[in-house]
Structure formats: structure tokens, C-alpha cells
file upload_36.cif (mmCIF, C-alpha atoms)
data_structure
#
loop_
_atom_site.label_atom_id
_atom_site.label_comp_id
_atom_site.auth_asym_id
_atom_site.auth_seq_id
_atom_site.Cartn_x
_atom_site.Cartn_y
_atom_site.Cartn_z
CA MET A 1 -0.18 50.31 -28.46
CA ASN A 2 -2.33 50.88 -25.38
CA ILE A 3 -2.79 48.39 -22.57
CA THR A 4 -6.36 47.54 -23.56
CA LEU A 5 -5.35 46.29 -26.98
CA PHE A 6 -2.25 44.61 -25.60
CA SER A 7 -4.13 42.55 -23.03
CA PHE A 8 -6.81 41.70 -25.56
CA LEU A 9 -4.17 40.35 -27.94
CA ILE A 10 -2.62 38.26 -25.18
CA ILE A 11 -6.02 36.81 -24.32
CA CYS A 12 -6.69 36.05 -28.01
CA PHE A 13 -3.33 34.30 -28.22
CA PHE A 14 -4.09 32.26 -25.14
CA PHE A 15 -7.55 31.43 -26.46
CA THR A 16 -5.98 30.05 -29.65
CA ILE A 17 -3.64 27.85 -27.59
CA VAL A 18 -6.59 26.47 -25.61
CA ILE A 19 -8.61 25.69 -28.75
CA GLU A 20 -5.57 24.20 -30.49
CA SER A 21 -4.82 21.96 -27.48
CA VAL A 22 -8.36 20.63 -27.55
CA ARG A 23 -8.17 20.06 -31.30
CA ARG A 24 -4.97 18.07 -30.96
CA GLY A 25 -6.41 16.07 -28.08
CA ILE A 26 -3.88 17.32 -25.50
CA LEU A 27 -6.56 18.94 -23.38
CA GLU A 28 -9.90 17.28 -22.78
CA THR A 29 -12.95 19.23 -23.92
CA ARG A 30 -14.40 18.98 -20.44
CA ASP A 31 -11.30 20.60 -18.93
CA SER A 32 -11.16 23.29 -21.60
CA LEU A 33 -14.61 24.67 -20.75
CA ILE A 34 -13.46 26.70 -17.76
CA TRP A 35 -10.47 28.10 -19.69
CA ILE A 36 -12.64 29.14 -22.63
CA PHE A 37 -15.10 30.73 -20.23
CA VAL A 38 -12.32 32.70 -18.49
CA CYS A 39 -10.85 33.82 -21.82
CA VAL A 40 -14.18 35.09 -23.12
CA ILE A 41 -15.02 37.02 -19.94
CA LEU A 42 -11.53 38.54 -19.70
CA GLY A 43 -11.63 39.41 -23.40
CA ILE A 44 -14.94 41.23 -23.11
CA LEU A 45 -13.98 43.04 -19.93
CA SER A 46 -10.59 44.16 -21.21
CA LEU A 47 -12.06 45.57 -24.43
CA SER A 48 -14.98 47.45 -22.98
CA ARG A 49 -13.89 49.93 -20.37
CA LYS A 50 -17.50 51.03 -19.97
CA LEU A 51 -18.85 47.61 -19.08
CA LEU A 52 -16.01 47.20 -16.62
CA GLU A 53 -16.91 50.48 -14.96
CA ILE A 54 -20.61 49.62 -14.75
CA ILE A 55 -19.91 46.31 -13.02
CA ALA A 56 -17.29 47.86 -10.73
CA ASP A 57 -19.81 50.52 -9.79
CA LEU A 58 -22.41 47.86 -8.98
CA LEU A 59 -19.96 46.02 -6.75
CA GLY A 60 -18.73 49.23 -5.12
CA ILE A 61 -15.17 48.96 -6.49
CA ALA A 62 -13.55 52.38 -6.74
CA TYR A 63 -10.82 51.54 -9.24
CA ALA A 64 -12.47 49.63 -12.10
CA PRO A 65 -9.46 47.69 -13.51
CA SER A 66 -9.01 45.96 -10.16
CA LEU A 67 -12.17 44.08 -11.05
CA LEU A 68 -10.05 42.29 -13.65
CA PHE A 69 -7.65 41.22 -10.92
CA LEU A 70 -10.50 40.05 -8.75
CA PHE A 71 -11.91 38.00 -11.57
CA GLY A 72 -8.51 36.59 -12.50
CA LEU A 73 -7.70 35.69 -8.91
CA LEU A 74 -11.03 34.05 -8.24
CA SER A 75 -10.90 31.90 -11.34
CA THR A 76 -7.32 30.82 -10.55
CA ILE A 77 -8.29 29.78 -7.03
CA ILE A 78 -11.29 27.84 -8.30
CA MET A 79 -9.16 26.10 -10.92
CA ILE A 80 -6.42 25.16 -8.46
CA PHE A 81 -8.95 23.79 -6.02
CA ASP A 82 -10.53 21.76 -8.80
CA LEU A 83 -7.07 20.42 -9.68
CA THR A 84 -6.32 19.40 -6.08
CA ARG A 85 -9.58 17.51 -5.95
CA ARG A 86 -8.72 15.74 -9.15
CA ILE A 87 -5.27 14.81 -7.84
CA SER A 88 -6.86 13.27 -4.74
CA LYS A 89 -9.20 11.32 -6.93
CA LEU A 90 -6.38 10.14 -9.20
CA ASN A 91 -4.33 9.23 -6.14
CA ARG A 92 -7.13 6.97 -4.91
CA LYS A 93 -7.34 5.36 -8.31
CA VAL A 94 -3.58 4.76 -8.49
CA ILE A 95 -3.56 3.15 -5.04
CA HIS A 96 -6.46 0.93 -6.02
CA LEU A 97 -4.74 -0.11 -9.26
CA THR A 98 -1.42 -0.78 -7.51
CA GLN A 99 -3.15 -3.01 -4.98
CA GLU A 100 -5.12 -4.89 -7.63
CA PHE A 101 -1.93 -5.35 -9.63
CA ALA A 102 -0.09 -6.89 -6.68
CA LEU A 103 -3.05 -9.17 -5.86
CA LEU A 104 -3.44 -10.35 -9.46
CA LYS A 105 0.28 -10.94 -9.86
CA GLU A 106 0.30 -13.09 -6.74
CA GLN A 107 -2.68 -15.03 -8.04
CA GLN A 108 -1.01 -15.57 -11.39
CA GLN A 109 2.21 -16.83 -9.79
CA ASP A 110 0.13 -19.10 -7.60
CA ASN A 111 -1.60 -20.52 -10.68
CA THR A 112 1.63 -21.13 -12.61
CA SER A 113 3.31 -22.81 -9.65
CA SER A 114 0.35 -25.14 -9.14
CA GLU A 115 0.30 -25.89 -12.89
CA ASN A 116 3.97 -26.79 -12.73
CA MET A 117 3.28 -29.08 -9.83
CA ILE A 118 0.54 -30.88 -11.79
CA LYS A 119 2.88 -31.25 -14.78
CA ARG A 120 5.60 -32.68 -12.58
CA GLU A 121 3.18 -35.14 -11.03
CA LYS A 122 2.06 -36.26 -14.49
CA LYS A 123 5.66 -36.90 -15.53
CA VAL A 124 6.24 -39.00 -12.44
CA MET B 1 -5.94 -22.96 23.38
CA ASP B 2 -5.11 -25.61 20.84
CA ILE B 3 -3.28 -24.08 17.95
CA LYS B 4 -4.80 -26.57 15.47
CA SER B 5 -8.35 -25.51 16.29
CA ILE B 6 -7.97 -21.88 15.27
CA PRO B 7 -10.06 -20.48 12.39
CA LYS B 8 -8.44 -19.53 9.08
CA THR B 9 -6.00 -16.81 10.08
CA ILE B 10 -3.62 -14.57 8.17
CA ILE B 11 -0.72 -12.54 9.52
CA ILE B 12 -0.12 -9.45 7.44
CA VAL B 13 3.38 -8.02 7.54
CA PRO B 14 3.87 -4.71 5.74
CA ALA B 15 7.52 -4.26 4.76
CA TYR B 16 9.35 -1.36 3.17
CA ASN B 17 13.14 -1.68 2.95
CA GLU B 18 13.40 -4.01 5.94
CA GLU B 19 16.33 -6.18 4.83
CA ASP B 20 17.98 -5.90 8.28
CA SER B 21 15.13 -7.30 10.28
CA ILE B 22 12.66 -9.10 8.00
CA ALA B 23 14.48 -12.46 8.13
CA THR B 24 14.34 -12.61 11.94
CA THR B 25 10.70 -11.60 11.98
CA LEU B 26 9.72 -14.16 9.35
CA THR B 27 11.70 -16.94 11.03
CA SER B 28 9.78 -16.43 14.26
CA LEU B 29 6.47 -16.33 12.38
CA MET B 30 7.36 -19.50 10.44
CA GLU B 31 7.74 -21.35 13.74
CA ILE B 32 4.06 -20.78 14.41
CA LYS B 33 2.94 -21.27 10.81
CA ASN B 34 4.58 -24.70 10.66
CA LYS B 35 2.43 -25.90 13.54
CA THR B 36 -0.88 -25.45 11.78
CA GLU B 37 -2.26 -25.30 8.27
CA LYS B 38 -4.88 -22.77 9.26
CA LEU B 39 -2.34 -19.99 9.56
CA GLU B 40 -0.88 -18.10 6.62
CA VAL B 41 1.76 -15.36 6.59
CA CYS B 42 1.46 -12.66 3.98
CA VAL B 43 4.17 -10.04 3.50
CA VAL B 44 3.17 -6.92 1.65
CA ASN B 45 6.35 -5.66 0.04
CA ASP B 46 5.66 -1.95 -0.31
CA GLY B 47 7.93 -1.32 -3.28
CA SER B 48 11.18 -2.02 -1.42
CA THR B 49 14.34 -1.03 -3.24
CA ASP B 50 16.75 -3.16 -1.19
CA SER B 51 17.04 -6.94 -0.96
CA THR B 52 13.81 -7.36 1.04
CA GLU B 53 12.14 -9.10 -1.91
CA GLU B 54 14.84 -11.78 -2.23
CA ILE B 55 14.82 -12.45 1.51
CA ILE B 56 11.04 -12.90 1.51
CA LYS B 57 11.28 -15.35 -1.40
CA GLU B 58 13.33 -17.74 0.71
CA PHE B 59 10.35 -18.30 2.97
CA ASP B 60 7.31 -20.36 2.02
CA ILE B 61 4.82 -17.53 2.46
CA VAL B 62 2.65 -15.25 0.35
CA GLN B 63 4.38 -12.17 -0.96
CA LEU B 64 2.29 -9.33 -2.35
CA LYS B 65 4.69 -7.11 -4.20
CA LEU B 66 3.48 -3.58 -4.82
CA PRO B 67 5.08 -2.13 -7.96
CA GLN B 68 5.52 1.22 -6.21
CA ASN B 69 5.56 2.54 -2.68
CA LEU B 70 2.09 3.28 -1.33
CA GLY B 71 2.89 3.95 2.32
CA ILE B 72 1.76 1.94 5.32
CA GLY B 73 -1.99 2.44 4.86
CA GLY B 74 -2.10 1.38 1.23
CA ALA B 75 0.24 -1.55 1.90
CA VAL B 76 -1.70 -2.94 4.85
CA GLN B 77 -4.96 -2.52 2.98
CA THR B 78 -3.58 -4.72 0.18
CA GLY B 79 -3.12 -7.43 2.79
CA TYR B 80 -6.68 -6.95 4.04
CA LYS B 81 -7.98 -7.18 0.48
CA TYR B 82 -6.08 -10.44 0.06
CA ALA B 83 -7.52 -11.70 3.34
CA TYR B 84 -11.02 -10.72 2.24
CA ASN B 85 -10.71 -12.37 -1.19
CA HIS B 86 -9.38 -15.60 0.29
CA GLY B 87 -11.97 -15.89 3.03
CA TYR B 88 -9.81 -15.48 6.11
CA GLU B 89 -11.67 -15.23 9.42
CA ILE B 90 -8.96 -13.40 11.34
CA ALA B 91 -6.28 -11.00 10.15
CA ILE B 92 -3.38 -9.87 12.29
CA GLN B 93 -1.17 -6.94 11.46
CA PHE B 94 2.44 -7.55 12.45
CA ASP B 95 5.40 -5.20 12.02
CA ALA B 96 8.39 -6.35 9.99
CA ASP B 97 10.94 -4.45 12.07
CA GLY B 98 10.95 -6.93 14.93
CA GLN B 99 9.02 -4.77 17.42
CA HIS B 100 6.21 -7.24 17.88
CA ASN B 101 6.43 -10.46 19.80
CA THR B 102 4.85 -13.68 18.53
CA LYS B 103 4.24 -14.76 22.12
CA ASP B 104 1.37 -12.29 22.34
CA LEU B 105 -0.24 -13.56 19.17
CA PHE B 106 -2.78 -15.84 20.81
CA GLU B 107 -3.66 -13.26 23.43
CA LEU B 108 -4.74 -11.06 20.54
CA MET B 109 -6.63 -13.82 18.75
CA GLU B 110 -8.50 -15.30 21.66
CA PRO B 111 -11.18 -12.61 22.21
CA ILE B 112 -11.90 -12.69 18.48
CA ILE B 113 -12.16 -16.47 18.31
CA GLU B 114 -14.54 -16.34 21.27
CA GLY B 115 -16.60 -13.77 19.35
CA GLU B 116 -16.26 -11.22 22.14
CA GLU B 117 -14.45 -8.50 20.21
CA ASP B 118 -14.15 -7.21 16.64
CA MET B 119 -10.65 -5.81 17.05
CA VAL B 120 -7.93 -6.50 19.58
CA ILE B 121 -4.93 -4.20 19.94
CA GLY B 122 -1.62 -5.14 21.49
CA SER B 123 -0.90 -2.29 23.90
CA ARG B 124 2.45 -1.30 25.37
CA PHE B 125 0.90 0.82 28.11
CA LEU B 126 -2.07 -1.13 29.43
CA GLN B 127 0.17 -2.60 32.09
CA LYS B 128 3.76 -1.72 32.70
CA THR B 129 5.92 -3.52 30.14
CA GLU B 130 9.57 -3.43 29.27
CA TYR B 131 8.91 -0.99 26.48
CA LYS B 132 10.90 2.21 26.66
CA GLY B 133 10.18 4.68 23.91
CA SER B 134 11.68 8.13 23.59
CA ILE B 135 9.96 10.89 25.53
CA THR B 136 8.69 12.62 22.38
CA ARG B 137 7.15 9.39 21.19
CA ARG B 138 5.41 8.88 24.50
CA ILE B 139 4.06 12.43 24.44
CA GLY B 140 2.74 11.79 20.93
CA ILE B 141 1.03 8.60 22.01
CA TYR B 142 -0.46 10.30 25.05
CA TYR B 143 -1.74 13.13 22.88
CA PHE B 144 -3.69 10.73 20.68
CA TYR B 145 -4.89 8.88 23.75
CA PHE B 146 -6.26 12.19 25.03
CA VAL B 147 -7.90 13.23 21.74
CA LEU B 148 -9.58 9.84 21.37
CA LYS B 149 -10.65 9.89 24.99
CA VAL B 150 -12.39 13.24 24.51
CA LEU B 151 -14.10 12.17 21.29
CA THR B 152 -15.01 8.57 22.08
CA LYS B 153 -15.10 8.56 25.90
CA LYS B 154 -13.08 5.36 25.72
CA ASN B 155 -9.55 4.50 26.77
CA PHE B 156 -7.16 3.54 24.04
CA THR B 157 -3.87 3.40 25.93
CA ASP B 158 -1.82 2.68 22.81
CA PRO B 159 -3.62 4.24 19.85
CA THR B 160 -0.58 4.11 17.55
CA SER B 161 0.15 0.42 18.05
CA GLY B 162 0.31 -1.47 14.77
CA TYR B 163 -0.13 -4.86 16.45
CA ARG B 164 -3.79 -5.62 15.80
CA ALA B 165 -6.08 -8.55 15.23
CA ILE B 166 -9.44 -8.16 13.51
CA ASN B 167 -12.34 -10.40 12.60
CA ARG B 168 -14.04 -11.02 9.26
CA LYS B 169 -16.47 -8.13 9.68
CA VAL B 170 -13.66 -5.61 10.11
CA ILE B 171 -11.59 -7.23 7.34
CA ALA B 172 -14.49 -6.50 4.99
CA LEU B 173 -14.63 -2.88 6.20
CA PHE B 174 -10.89 -2.37 5.79
CA ALA B 175 -10.83 -3.95 2.34
CA GLN B 176 -13.38 -1.31 1.35
CA ASN B 177 -11.90 1.68 3.09
CA TYR B 178 -8.65 2.22 4.96
CA PRO B 179 -6.88 5.53 5.71
CA LYS B 180 -3.80 6.19 3.59
CA ASP B 181 -0.96 7.34 5.84
CA TYR B 182 -0.52 7.01 9.61
CA PRO B 183 -3.78 5.06 9.76
CA GLU B 184 -3.68 3.61 13.28
CA PRO B 185 -5.40 6.27 15.46
CA GLU B 186 -7.83 7.20 12.70
CA VAL B 187 -9.00 3.62 12.34
CA LEU B 188 -10.00 3.52 16.03
CA MET B 189 -12.27 6.49 15.53
CA HIS B 190 -13.74 4.96 12.41
CA LEU B 191 -14.47 1.61 14.04
CA ASN B 192 -15.86 3.28 17.13
CA ARG B 193 -18.39 5.09 14.95
CA LYS B 194 -19.32 1.79 13.38
CA LYS B 195 -20.02 0.47 16.89
CA MET B 196 -17.34 -2.18 16.63
CA ARG B 197 -16.07 -3.74 19.83
CA ILE B 198 -12.43 -2.89 20.45
CA LYS B 199 -10.26 -4.26 23.25
CA GLU B 200 -6.66 -3.83 24.24
CA VAL B 201 -4.42 -6.56 25.59
CA THR B 202 -0.94 -6.15 26.97
CA ALA B 203 1.83 -6.77 24.48
CA ASN B 204 5.55 -6.66 25.04
CA MET B 205 7.37 -4.79 22.34
CA HIS B 206 11.05 -4.59 21.62
CA ALA B 207 12.80 -1.52 20.37
CA ARG B 208 13.10 -1.81 16.60
CA GLN B 209 15.75 -4.28 15.41
CA GLY B 210 16.74 -2.45 12.28
CA GLY B 211 15.64 0.04 9.69
CA ALA B 212 14.53 3.58 10.43
CA SER B 213 11.26 4.71 11.94
CA SER B 214 8.88 6.06 9.35
CA ILE B 215 8.46 9.17 11.48
CA THR B 216 11.21 11.79 11.23
CA PRO B 217 11.08 15.13 13.11
CA TRP B 218 9.77 17.06 10.12
CA LYS B 219 7.27 14.42 9.25
CA SER B 220 6.02 14.34 12.82
CA ILE B 221 4.60 17.84 12.43
CA TYR B 222 2.69 16.68 9.40
CA TYR B 223 1.81 13.50 11.28
CA PHE B 224 0.19 15.35 14.18
CA GLY B 225 -1.69 17.76 11.96
CA LYS B 226 -2.91 15.11 9.58
CA VAL B 227 -3.98 12.58 12.16
CA THR B 228 -5.68 15.15 14.37
CA LEU B 229 -7.57 16.56 11.42
CA SER B 230 -8.64 13.15 10.18
CA ILE B 231 -9.75 12.06 13.65
CA LEU B 232 -11.82 15.24 13.95
CA MET B 233 -13.18 14.72 10.44
CA GLN B 234 -14.13 11.18 11.33
CA SER B 235 -16.24 12.54 14.15
CA ILE B 236 -18.27 14.82 11.88
CA VAL B 237 -18.45 13.07 8.49
CA LYS B 238 -21.65 11.50 7.28
CA GLU B 239 -21.75 7.79 6.73
#
call {"tool": "encode", "arguments": {"input": "upload_36.cif", "output": "C-alpha cells"}}
result
Amino acid sequence: MNITLFSFLIICFFFTIVIESVRRGILETRDSLIWIFVCVILGILSLSRKLLEIIADLLGIAYAPSLLFLFGLLSTIIMIFDLTRRISKLNRKVIHLTQEFALLKEQQQDNTSSENMIKREKKV
Amino acid sequence: MDIKSIPKTIIIVPAYNEEDSIATTLTSLMEIKNKTEKLEVCVVNDGSTDSTEEIIKEFDIVQLKLPQNLGIGGAVQTGYKYAYNHGYEIAIQFDADGQHNTKDLFELMEPIIEGEEDMVIGSRFLQKTEYKGSITRRIGIYYFYFVLKVLTKKNFTDPTSGYRAINRKVIALFAQNYPKDYPEPEVLMHLNRKKMRIKEVTANMHARQGGASSITPWKSIYYFGKVTLSILMQSIVKE
């Protein structure tokens, strides 16, 4: 089995995992878009040596397969950056929720203690 | 100044695992609270894992218990949100570790009550006080003094001091937006951009009574990088 077929099979396998994750609701459709996009591009590029060479020639890359690396690396960096941004956003949300939780809990305790006081006064 | 004539004031005490010192701090604050109904003490328990919670419960004060540790910025902001929701006119940040002195409390409040300032900071270095910090700490403080001086053209002799009083306008700002960790120097930059009036008054501080400083050697590298970056960011971000 040559490397072209081998990498194509791996990409197909990965593609199936992505689709299956979306179908089972593990991965959100929105998040799967970039993965599907990467899979399709890598799939096409790994199958067609000619296309790869044409694009490499356009970009002035001497060794065509290194275009695959470039593409892979770029998409990984973009994805990781996107993830970091999302973590920051989630972090803000968690802090906000934690604060609201503490404030509401205090309010609730305040309410129950004043209710108890009213009950006690009524008994007296 | 008559203590009974003060506006509705809240003292916010952020506490994370402060079982050694919180009782002393709260006892001294209770002395003032018992003199007037206008003053409330609010401890923000930042997810403490020791007996801090039980100790706080023995005092007749507000306890905001965070279900997990948020760090100083998130904890203090919870207090400011509480102050905002309950219509407090003045909020004072006060450390739980016994560094701050209640004697300086009214010095901090006075310019705000008079409507002269929006924020008043208790400074250890405005005049010579008894405070003796380690040399590294002093260098750190001087570094932030220098950075802020360059960027704001103003003197903040103690930019890391956590002893601060603010008025309603700033409470509203902080409830909206407050930096997450090591917030003190960053806040000065932020308020300066908003054209808020900031003043320092001399405050005597003790060395901490118990607990460990939140800043360890390794963290201090992160501390410097983070705070410098966020101060610089503050000077270029859009409103």
C-alpha cells in the first residue's frame, strides 16, 4: 500500500469519526464545520498529486508534499487559537455564574431568616 | 466626623483560607459596625477549604460564599455586585489577613463623602510609615509606580495596595467590569482612563498576621508579566 492511499484512508476514518460525533450529539455542528473542511481539503490534496504540485508551484514550494504540512500546521494553529478564545469566554461565564450563585444564595438565606423571624413574632 | 452621619457604606473583605486571622480582623470591624446602622461588613468567602466559613458565621455580617475559588478579582467583584444591588454609596475593600488598620477607615471615606474623589487608596509610602516589606516586594511596588507614572503622568505611590474606598459611580463600574487576577494596578489605569478622581491617603499597615501571601516566587514572574501587559493593554484598548 502506498502512502497516498494510506493517508487517504486515515483521513476517511477520521472523517467518519467527526460525522459520527455530530450524529450522536457529542460534537456541535458548528464546531464540526472546521474539521469537515480540513478533512475534505486534506483528502483531495492527498489523493491528487497533480493538484498538490500545481498549488505548490504557484506558492513557490519546491517539495510539493510539504504543502500538506503547511496546511495541516496552519489549520491546527487556527483551531487552537479558536479554542483558547472559547476557554476565555467560558471562563468569564463561569465567573459570572459563580458570583450570581453566591449573591442569590445569600439573598435566599436572608429571606428565610426574615421569614423565620416573622413566624416567631406571630407565635409570640 | 460623626460616625452616625455617614452614607450607606459597605466594607468588603475577600477571604480565602484565612482561618488564622479572619476572627481578629472581623472583631475589629465589628467594633465600628456596632456604632452605626449605616455600615455593613460583607465577607466574600472565595471557596475556602478550611474553617473560615464557620468563623465568619459567628459574626453578624453578610457572608457571600463562592462555591469555588475565583481568585481575588472575581471575589472582590462579587462584593461590588452586592454593594451595587443593595444601593450602597461607599464600598471599602479591606484585607482579611490583618494588614489593614481600621483607624484609617475614616481617612479613606472622608474625601468620598465630601464628593471630592471617586476613589481613595490607603498608601504605605505616601509618608513614611512603620511598614517594612521585603526588598523584592518594594522593588515590585516601585516598578508599578514607575510604569503608571510613565503612562498616566500621575503618582500612585502604592499601586498594589488593596485598601481602597470607592463611591457609587465606581461601584457601578466595578460591578460591570473588574480585572480577574492581581487587579489592583490595572484598576488604576482603567479608572484614570475613565477620568475618575483618585487620591492616596497615608495608611499604616501591619505585616500579615497569618496565612500566606498570594504571591509566590514563581507566580511573581507571571504577576509582573500579566500586570504589565494588562496595564499596557488598558492604555491602547478602545472603550
call {"tool": "residues_around", "arguments": {"input": "upload_36.cif", "residues": "stretch 38-49 of chain B", "least_positions_apart": "6", "cutoff": "7 Å", "atoms": "all atoms listed in the file", "output": "ChimeraX atom specification"}}
result
/B:6-17,61-70,75,79
call {"tool": "atom_distance", "arguments": {"input": "upload_36.cif", "atom1": "atom CA of B:Pro183", "atom2": "atom CA of B:Thr228"}}
result
11.3 Å
call {"tool": "interface_residues", "arguments": {"input": "upload_36.cif", "of": "chain A", "to": "chain B", "cutoff": "9 Å", "atoms": "all atoms listed in the file", "output": "MDAnalysis selection string"}}
result
chainID A and resid 95:96 98:103 105:106
call {"tool": "axis_aligned_box", "arguments": {"input": "upload_36.cif", "around": "stretch 28-32 of chain B", "padding_each_side": "6 Å", "output": "lines of an AutoDock Vina configuration file"}}
result
center_x = 6.9
center_y = -18.8
center_z = 12.4
size_x = 17.7
size_y = 17.0
size_z = 16.0
call {"tool": "residues_near_point", "arguments": {"input": "upload_36.cif", "point": "(1.7, -4.9, 11.0)", "cutoff": "6 Å", "atoms": "all atoms listed in the file", "output": "list of chain:residue names"}}
result
B:Val13, B:Pro14, B:Gln93, B:Phe94, B:Asp95, B:Gly162, B:Tyr163
call {"tool": "atom_distance", "arguments": {"input": "upload_36.cif", "atom1": "atom CA of B:Gln234", "atom2": "atom CA of B:Ile198"}}
result
16.9 Å
call {"tool": "atom_distance", "arguments": {"input": "upload_36.cif", "atom1": "atom CA of A:Ala56", "atom2": "atom CA of A:Ser75"}}
result
17.2 Å
call {"tool": "resolve_selection", "arguments": {"input": "upload_36.cif", "expression": "the PyMOL selection byres ((chain B and resi 173) around 12)", "output": "compact mmCIF listing (two decimals) with C-alpha atoms, in the frame of the given file"}}
result
# COMPACT_ATOMS: atom_id res chain seq x y z
CA GLN B 77 -4.96 -2.52 2.98
CA TYR B 80 -6.68 -6.95 4.04
CA LYS B 81 -7.98 -7.18 0.48
CA ALA B 83 -7.52 -11.70 3.34
CA TYR B 84 -11.02 -10.72 2.24
CA ASP B 118 -14.15 -7.21 16.64
CA MET B 119 -10.65 -5.81 17.05
CA ILE B 166 -9.44 -8.16 13.51
CA ASN B 167 -12.34 -10.40 12.60
CA ARG B 168 -14.04 -11.02 9.26
CA LYS B 169 -16.47 -8.13 9.68
CA VAL B 170 -13.66 -5.61 10.11
CA ILE B 171 -11.59 -7.23 7.34
CA ALA B 172 -14.49 -6.50 4.99
CA PHE B 174 -10.89 -2.37 5.79
CA ALA B 175 -10.83 -3.95 2.34
CA GLN B 176 -13.38 -1.31 1.35
CA ASN B 177 -11.90 1.68 3.09
CA TYR B 178 -8.65 2.22 4.96
CA PRO B 179 -6.88 5.53 5.71
CA VAL B 187 -9.00 3.62 12.34
CA HIS B 190 -13.74 4.96 12.41
CA LEU B 191 -14.47 1.61 14.04
CA LYS B 194 -19.32 1.79 13.38
CA MET B 196 -17.34 -2.18 16.63
call {"tool": "closest_residue", "arguments": {"input": "upload_36.cif", "among": "B:Ile236, B:Glu18, B:Lys199, B:Ile121", "to": "B:Glu53", "atoms": "all atoms listed in the file"}}
result
B:Glu18
call {"tool": "resolve_selection", "arguments": {"input": "upload_36.cif", "expression": "the PyMOL selection byres ((chain A and resi 4-6) around 9)", "output": "count of residues only"}}
result
12
call {"tool": "closest_residue", "arguments": {"input": "upload_36.cif", "among": "B:Ser28, B:Lys132, B:Asn192, B:Gly140", "to": "B:Asn101", "atoms": "all atoms listed in the file"}}
result
B:Ser28
call {"tool": "resolve_selection", "arguments": {"input": "upload_36.cif", "expression": "the PyMOL selection byres ((chain A and resi 41) around 12)", "output": "VMD selection string"}}
result
chain A and resid 8 11 to 12 15 34 to 40 42 to 48 51 to 52 67 to 68 71 to 72 75
call {"tool": "build_atoms", "arguments": {"input": "upload_36.cif", "residues": "stretch 5-16 of chain A", "atoms": "N, CA, C and O atoms", "output": "tab-separated table (two decimals), in the frame of the given file"}}
result
chain	number	residue	atom	x	y	z
A	5	LEU	N	-5.58	47.11	-25.79
A	5	LEU	CA	-5.35	46.29	-26.98
A	5	LEU	C	-4.35	45.19	-26.67
A	5	LEU	O	-4.53	44.03	-27.07
A	6	PHE	N	-3.31	45.57	-25.93
A	6	PHE	CA	-2.25	44.61	-25.60
A	6	PHE	C	-2.82	43.40	-24.84
A	6	PHE	O	-2.57	42.26	-25.21
A	7	SER	N	-3.60	43.68	-23.80
A	7	SER	CA	-4.13	42.55	-23.03
A	7	SER	C	-5.12	41.74	-23.87
A	7	SER	O	-5.19	40.52	-23.76
A	8	PHE	N	-5.87	42.45	-24.71
A	8	PHE	CA	-6.81	41.70	-25.56
A	8	PHE	C	-6.07	40.75	-26.48
A	8	PHE	O	-6.47	39.60	-26.66
A	9	LEU	N	-4.95	41.21	-27.03
A	9	LEU	CA	-4.17	40.35	-27.94
A	9	LEU	C	-3.62	39.13	-27.19
A	9	LEU	O	-3.65	38.01	-27.70
A	10	ILE	N	-3.14	39.39	-25.97
A	10	ILE	CA	-2.62	38.26	-25.18
A	10	ILE	C	-3.72	37.23	-24.94
A	10	ILE	O	-3.51	36.02	-25.09
A	11	ILE	N	-4.91	37.73	-24.59
A	11	ILE	CA	-6.02	36.81	-24.32
A	11	ILE	C	-6.38	36.03	-25.59
A	11	ILE	O	-6.62	34.82	-25.54
A	12	CYS	N	-6.39	36.73	-26.74
A	12	CYS	CA	-6.69	36.05	-28.01
A	12	CYS	C	-5.66	34.94	-28.27
A	12	CYS	O	-6.01	33.83	-28.67
A	13	PHE	N	-4.40	35.26	-28.01
A	13	PHE	CA	-3.33	34.30	-28.22
A	13	PHE	C	-3.55	33.07	-27.33
A	13	PHE	O	-3.47	31.92	-27.77
A	14	PHE	N	-3.86	33.34	-26.09
A	14	PHE	CA	-4.09	32.26	-25.14
A	14	PHE	C	-5.30	31.42	-25.55
A	14	PHE	O	-5.26	30.18	-25.50
A	15	PHE	N	-6.33	32.11	-26.00
A	15	PHE	CA	-7.55	31.43	-26.46
A	15	PHE	C	-7.22	30.46	-27.59
A	15	PHE	O	-7.68	29.32	-27.59
A	16	THR	N	-6.38	30.91	-28.52
A	16	THR	CA	-5.98	30.05	-29.65
A	16	THR	C	-5.26	28.80	-29.13
A	16	THR	O	-5.50	27.70	-29.60
